[in-house]
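Undergrad: The structure under discussion is supplied below as structure tokens; questions concerning it will follow.
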Amino acid sequence: MDAYDVTPRLRLLRFPVGQAYLWRDDAGLTLIDAGAPGAGLPIADAVRAWGHAPEDVRRIVLTHFHEDHVGGAAEFARLSGAEVYAHRLDAPFVRGEAKGPPPVYEDWERPLHAQALAQLPAPLPEPDLPSVVRELDDGDTLDFGDGARIVGAPGHTDGSIAVHLPAHGVLFTGDAIAASPVDGQIMLGVLNLDRERAVASFARLAALPSEVACFGHGDPVTENAGAVLGKAAAPYRSA
């Protein structure tokens, strides 16, 4: 796992597939997403390398239920005592009470998905899932980042969310938006459940005032993110 600072308060944790983020407040840390199964210990090491103890992480906010975002949540929650949060529509899948619906593939996405699956750890006989998940909804606020706003972003999954920190101009998009690993181009996230809703969510997130935008896949935008996202969203809206 690689890690680097996006801002003095914000650290990116990059896994073989996908990434997570640590946000630092004076009162403690917040983890946005938690990597694939087995990521709990590497996340704890990254927290220590940032000058903190795992117990300083107060909460884990999951942007959606896919394995590369929730796989390390239970392990790291046990290590840190952090509470786990997810949207109410994805929470049953995070808890393992039901199996989440698969994406509706576009033809070009199938080899991409196969490549990603090949880089994930082998499935555990019994998935390690958090038993307690606090449920979120669009418009909720959480006590970090001077008021973190939960923004519903359905389409990738029904319960996909973004996390917006208006006081700091930071937006965590989950997989609603991505940056291409080839050229860094900002694009609609792939492997969506409902493309039409995903496009609408892209437009909604692009309209939020943000200076920094952090994605589940690809390098963050670190300057003038609102304008960058707005420009990238426009072709999808007109298609």
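Labels for the structure tokens follow display order: chains A, B, ..., residues from 1 in each chain, ligands from 1.
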For A:Arg11, list every protein, DNA or RNA residue within 12 Å, evaluated using only C-alpha atoms, and leave out those in the same chain fewer than 3 positions away; present the list as a PyMOL selection string.
TA: chain A and resi 2-8+14+19-24+29-32+43+46-47+49-51+214+220
Undergrad: Generate a file of the selected residues that holds C-alpha atoms, formatted as an mmCIF file, in the first residue's frame.
TA:
```
data_model
loop_
_atom_site.group_PDB
_atom_site.id
_atom_site.type_symbol
_atom_site.label_atom_id
_atom_site.label_comp_id
_atom_site.auth_asym_id
_atom_site.auth_seq_id
_atom_site.Cartn_x
_atom_site.Cartn_y
_atom_site.Cartn_z
ATOM 1 C CA ASP A 2 1.215 3.497 -0.872
ATOM 2 C CA ALA A 3 0.289 6.601 1.111
ATOM 3 C CA TYR A 4 0.842 10.310 0.622
ATOM 4 C CA ASP A 5 -0.540 13.630 1.840
ATOM 5 C CA VAL A 6 -3.017 15.407 -0.417
ATOM 6 C CA THR A 7 -3.221 18.299 2.100
ATOM 7 C CA PRO A 8 -1.875 18.587 5.651
ATOM 8 C CA ARG A 14 -3.660 3.490 -2.263
ATOM 9 C CA GLN A 19 -8.004 3.693 -2.344
ATOM 10 C CA ALA A 20 -9.139 5.128 0.968
ATOM 11 C CA TYR A 21 -8.552 8.442 2.728
ATOM 12 C CA LEU A 22 -7.712 9.643 6.223
ATOM 13 C CA TRP A 23 -9.029 13.034 7.341
ATOM 14 C CA ARG A 24 -7.452 14.705 10.388
ATOM 15 C CA LEU A 29 -9.259 11.010 12.518
ATOM 16 C CA THR A 30 -11.894 9.776 10.072
ATOM 17 C CA LEU A 31 -11.364 6.995 7.531
ATOM 18 C CA ILE A 32 -13.257 7.247 4.240
ATOM 19 C CA ILE A 43 -4.425 0.920 7.379
ATOM 20 C CA ALA A 46 -0.534 3.993 7.746
ATOM 21 C CA VAL A 47 -2.232 5.706 10.675
ATOM 22 C CA ALA A 49 3.118 6.418 10.049
ATOM 23 C CA TRP A 50 1.037 9.621 10.047
ATOM 24 C CA GLY A 51 1.860 10.119 13.715
ATOM 25 C CA CYS A 214 -10.984 12.629 -3.934
ATOM 26 C CA PRO A 220 -7.390 13.431 -6.680
#
```
Undergrad: Give me every strand (DSSP E or B) residue in stretch 20-189 of chain A, going by DSSP on the backbone, as a ChimeraX atom specification.
TA: /A:20-25,28-32,57-61,83-87,134-136,141-142,148-152,161-165,170-172,177-179,186-188
Undergrad: Residues of stretch 58-115 of chain A that have any atom at most 12 Å from an atom of stretch 147-170 of chain A: could you tabulate them with the shortest-distance atom pair and the distance in Å to one decimal, using only C-alpha atoms, ordered by chain and increasing number, as JSON lines?
TA:
```
{"residue": "A:Ile60", "atom": "CA", "partner": "A:Val163", "partner_atom": "CA", "distance": 11.8}
{"residue": "A:Val61", "atom": "CA", "partner": "A:Val163", "partner_atom": "CA", "distance": 8.6}
{"residue": "A:Leu62", "atom": "CA", "partner": "A:Ile161", "partner_atom": "CA", "distance": 8.1}
{"residue": "A:Thr63", "atom": "CA", "partner": "A:Ile161", "partner_atom": "CA", "distance": 5.0}
{"residue": "A:His64", "atom": "CA", "partner": "A:Ser160", "partner_atom": "CA", "distance": 4.8}
{"residue": "A:Phe65", "atom": "CA", "partner": "A:Thr157", "partner_atom": "CA", "distance": 7.8}
{"residue": "A:His66", "atom": "CA", "partner": "A:Thr157", "partner_atom": "CA", "distance": 8.7}
{"residue": "A:His69", "atom": "CA", "partner": "A:Ser160", "partner_atom": "CA", "distance": 11.3}
{"residue": "A:Tyr85", "atom": "CA", "partner": "A:Ile150", "partner_atom": "CA", "distance": 10.8}
{"residue": "A:Ala86", "atom": "CA", "partner": "A:Gly159", "partner_atom": "CA", "distance": 8.0}
{"residue": "A:His87", "atom": "CA", "partner": "A:Gly159", "partner_atom": "CA", "distance": 5.3}
{"residue": "A:Arg88", "atom": "CA", "partner": "A:Gly159", "partner_atom": "CA", "distance": 6.8}
{"residue": "A:Leu89", "atom": "CA", "partner": "A:Gly159", "partner_atom": "CA", "distance": 4.8}
{"residue": "A:Asp90", "atom": "CA", "partner": "A:Gly159", "partner_atom": "CA", "distance": 4.9}
{"residue": "A:Ala91", "atom": "CA", "partner": "A:Gly159", "partner_atom": "CA", "distance": 8.1}
{"residue": "A:Pro92", "atom": "CA", "partner": "A:Gly159", "partner_atom": "CA", "distance": 10.3}
{"residue": "A:Phe93", "atom": "CA", "partner": "A:Gly159", "partner_atom": "CA", "distance": 10.1}
{"residue": "A:Val94", "atom": "CA", "partner": "A:Gly159", "partner_atom": "CA", "distance": 10.8}
{"residue": "A:Gly100", "atom": "CA", "partner": "A:Thr157", "partner_atom": "CA", "distance": 8.7}
{"residue": "A:Pro101", "atom": "CA", "partner": "A:Thr157", "partner_atom": "CA", "distance": 8.2}
{"residue": "A:Pro102", "atom": "CA", "partner": "A:Thr157", "partner_atom": "CA", "distance": 8.9}
{"residue": "A:Pro103", "atom": "CA", "partner": "A:His156", "partner_atom": "CA", "distance": 7.6}
{"residue": "A:Val104", "atom": "CA", "partner": "A:His156", "partner_atom": "CA", "distance": 9.5}
{"residue": "A:Tyr105", "atom": "CA", "partner": "A:His156", "partner_atom": "CA", "distance": 11.2}
```
Undergrad: Compile the contact shell of A:Glu75 as a list in words: residues with an atom at most 10 Å away, counting only C-alpha atoms, same-chain residues fewer than 2 positions apart removed.
TA: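 Here the answer would be Ala34, Pro37, Gly38, Ala39, Gly40, Leu41, Ile43, Ala44, Gly71, Gly72, Ala73, Ala77, Arg78, Leu79, Ser80, Gly81, Asp128, Leu129 and Pro130 of chain A.
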Undergrad: How many Å separate atom CA of A:Ser238 from atom CA of A:Val199?
TA: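 Interatomic distance, atom CA of A:Ser238 to atom CA of A:Val199: 10.2 Å.
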Undergrad: Extract the full set of helix (DSSP H, G or I) residues from stretch 8-100 of chain A according to DSSP on the backbone, and format it as a list in words.
TA: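 Here is the list: Gly40, Leu41, Pro42, Ile43, Ala44, Asp45, Ala46, Val47, Arg48, Ala49, Pro54, Glu55, Asp56, Glu67, Asp68, His69, Val70, Ala73, Ala74, Glu75, Phe76, Ala77, Arg78, Leu79, Ser80, Ala91, Pro92, Phe93 and Val94 of chain A.
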Undergrad: Show which residues sit within 7 Å of A:Leu229, as a PDB file with N, CA, C and O atoms, in the first residue's frame. Count only C-alpha atoms, and ignore same-chain residues fewer than 4 positions away.
TA:
```pdb
ATOM      1  N   ALA A 206     -20.685  17.487  -9.125  1.00  0.00           N
ATOM      2  CA  ALA A 206     -19.906  18.516  -9.808  1.00  0.00           C
ATOM      3  C   ALA A 206     -20.377  19.913  -9.453  1.00  0.00           C
ATOM      4  O   ALA A 206     -19.598  20.877  -9.534  1.00  0.00           O
ATOM      5  N   ALA A 225     -11.445  22.059  -8.060  1.00  0.00           N
ATOM      6  CA  ALA A 225     -12.092  20.797  -8.411  1.00  0.00           C
ATOM      7  C   ALA A 225     -13.506  20.987  -8.949  1.00  0.00           C
ATOM      8  O   ALA A 225     -13.920  20.267  -9.860  1.00  0.00           O
ATOM      9  N   ALA A 233     -18.335  16.585 -16.372  1.00  0.00           N
ATOM     10  CA  ALA A 233     -19.702  16.064 -16.314  1.00  0.00           C
ATOM     11  C   ALA A 233     -20.527  16.475 -17.518  1.00  0.00           C
ATOM     12  O   ALA A 233     -21.480  15.785 -17.894  1.00  0.00           O
TER      13      ALA A 233
END
```
Undergrad: Excluding A:Ser131 and residues on its chain fewer than 6 positions from it, collect all residues at most 10 Å away from it, counting only C-alpha atoms, and give them as a list of chain:residue names.
TA: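 Answer for this query is A:Ala74, A:Val84, A:Pro92, A:Val94, A:Arg95, A:Gly96, A:Glu97.
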Undergrad: Pull all heavy atoms from the residues just selected and write them as an mmCIF file, in the first residue's frame.
TA:
```cif
data_model
loop_
_atom_site.group_PDB
_atom_site.id
_atom_site.type_symbol
_atom_site.label_atom_id
_atom_site.label_comp_id
_atom_site.auth_asym_id
_atom_site.auth_seq_id
_atom_site.Cartn_x
_atom_site.Cartn_y
_atom_site.Cartn_z
ATOM 1 N N ALA A 74 -14.230 -4.177 8.970
ATOM 2 C CA ALA A 74 -14.434 -4.899 10.228
ATOM 3 C C ALA A 74 -13.122 -5.049 10.988
ATOM 4 O O ALA A 74 -13.060 -4.830 12.204
ATOM 5 C CB ALA A 74 -15.058 -6.264 9.943
ATOM 6 N N VAL A 84 -18.638 2.339 12.312
ATOM 7 C CA VAL A 84 -18.756 2.165 10.866
ATOM 8 C C VAL A 84 -20.079 2.756 10.409
ATOM 9 O O VAL A 84 -21.136 2.490 10.991
ATOM 10 C CB VAL A 84 -18.684 0.672 10.492
ATOM 11 C CG1 VAL A 84 -18.833 0.492 8.977
ATOM 12 C CG2 VAL A 84 -17.367 0.054 10.973
ATOM 13 N N PRO A 92 -27.348 -3.172 4.664
ATOM 14 C CA PRO A 92 -27.564 -4.623 4.776
ATOM 15 C C PRO A 92 -26.499 -5.448 4.062
ATOM 16 O O PRO A 92 -26.136 -6.533 4.522
ATOM 17 C CB PRO A 92 -28.946 -4.827 4.133
ATOM 18 C CG PRO A 92 -29.629 -3.509 4.271
ATOM 19 C CD PRO A 92 -28.537 -2.496 4.100
ATOM 20 N N VAL A 94 -23.334 -4.389 3.562
ATOM 21 C CA VAL A 94 -22.115 -4.212 4.352
ATOM 22 C C VAL A 94 -22.107 -5.177 5.536
ATOM 23 O O VAL A 94 -21.067 -5.764 5.876
ATOM 24 C CB VAL A 94 -21.992 -2.749 4.835
ATOM 25 C CG1 VAL A 94 -20.803 -2.593 5.784
ATOM 26 C CG2 VAL A 94 -21.849 -1.796 3.650
ATOM 27 N N ARG A 95 -23.279 -5.359 6.154
ATOM 28 C CA ARG A 95 -23.398 -6.273 7.303
ATOM 29 C C ARG A 95 -23.462 -7.735 6.890
ATOM 30 O O ARG A 95 -23.407 -8.616 7.750
ATOM 31 C CB ARG A 95 -24.643 -5.927 8.111
ATOM 32 C CG ARG A 95 -24.572 -4.612 8.873
ATOM 33 C CD ARG A 95 -25.741 -4.473 9.843
ATOM 34 N NE ARG A 95 -27.002 -4.320 9.141
ATOM 35 C CZ ARG A 95 -27.630 -3.158 8.951
ATOM 36 N NH1 ARG A 95 -27.103 -2.037 9.429
ATOM 37 N NH2 ARG A 95 -28.777 -3.119 8.309
ATOM 38 N N GLY A 96 -23.614 -8.022 5.616
ATOM 39 C CA GLY A 96 -23.705 -9.397 5.158
ATOM 40 C C GLY A 96 -25.073 -10.016 5.309
ATOM 41 O O GLY A 96 -25.216 -11.249 5.222
ATOM 42 N N GLU A 97 -26.097 -9.202 5.496
ATOM 43 C CA GLU A 97 -27.458 -9.727 5.642
ATOM 44 C C GLU A 97 -28.052 -10.142 4.300
ATOM 45 O O GLU A 97 -29.008 -10.919 4.251
ATOM 46 C CB GLU A 97 -28.352 -8.668 6.293
ATOM 47 C CG GLU A 97 -27.907 -8.303 7.690
ATOM 48 C CD GLU A 97 -28.593 -7.050 8.223
ATOM 49 O OE1 GLU A 97 -29.345 -6.401 7.465
ATOM 50 O OE2 GLU A 97 -28.356 -6.713 9.408
#
```
Undergrad: With distances taken over only C-alpha atoms, which of A:Gly139, A:Leu191, A:Asp25, A:Gly184 is nearest to A:Pro111?
TA: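 Among the listed residues, A:Leu191 lies closest to A:Pro111.
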Undergrad: Out of A:Glu106, A:Val212, A:Phe172, A:Val57, which residue has the shortest atom-to-atom distance to A:Leu193 when counting only C-alpha atoms?
TA: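 The answer is A:Glu106, which sits nearest to A:Leu193.
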Undergrad: If I take atom CA of A:Ala179 and atom CA of A:Phe215, how far is one from the other in Å, to one decimal?
TA: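 About the pair atom CA of A:Ala179 and atom CA of A:Phe215: they are 7.2 Å apart.
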Undergrad: Take atom CA of A:Val228 and atom CA of A:Ala213 and report the distance between them in Å, one decimal.
TA: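 Between atom CA of A:Val228 and atom CA of A:Ala213 the gap is 9.3 Å.
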Undergrad: Under the rule that only C-alpha atoms are counted, which of A:Lys231, A:Glu126, A:Pro42, A:His217 is the nearest residue to A:Val17?
TA: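 Of A:Lys231, A:Glu126, A:Pro42, A:His217, the one nearest A:Val17 is A:His217, counting only C-alpha atoms.
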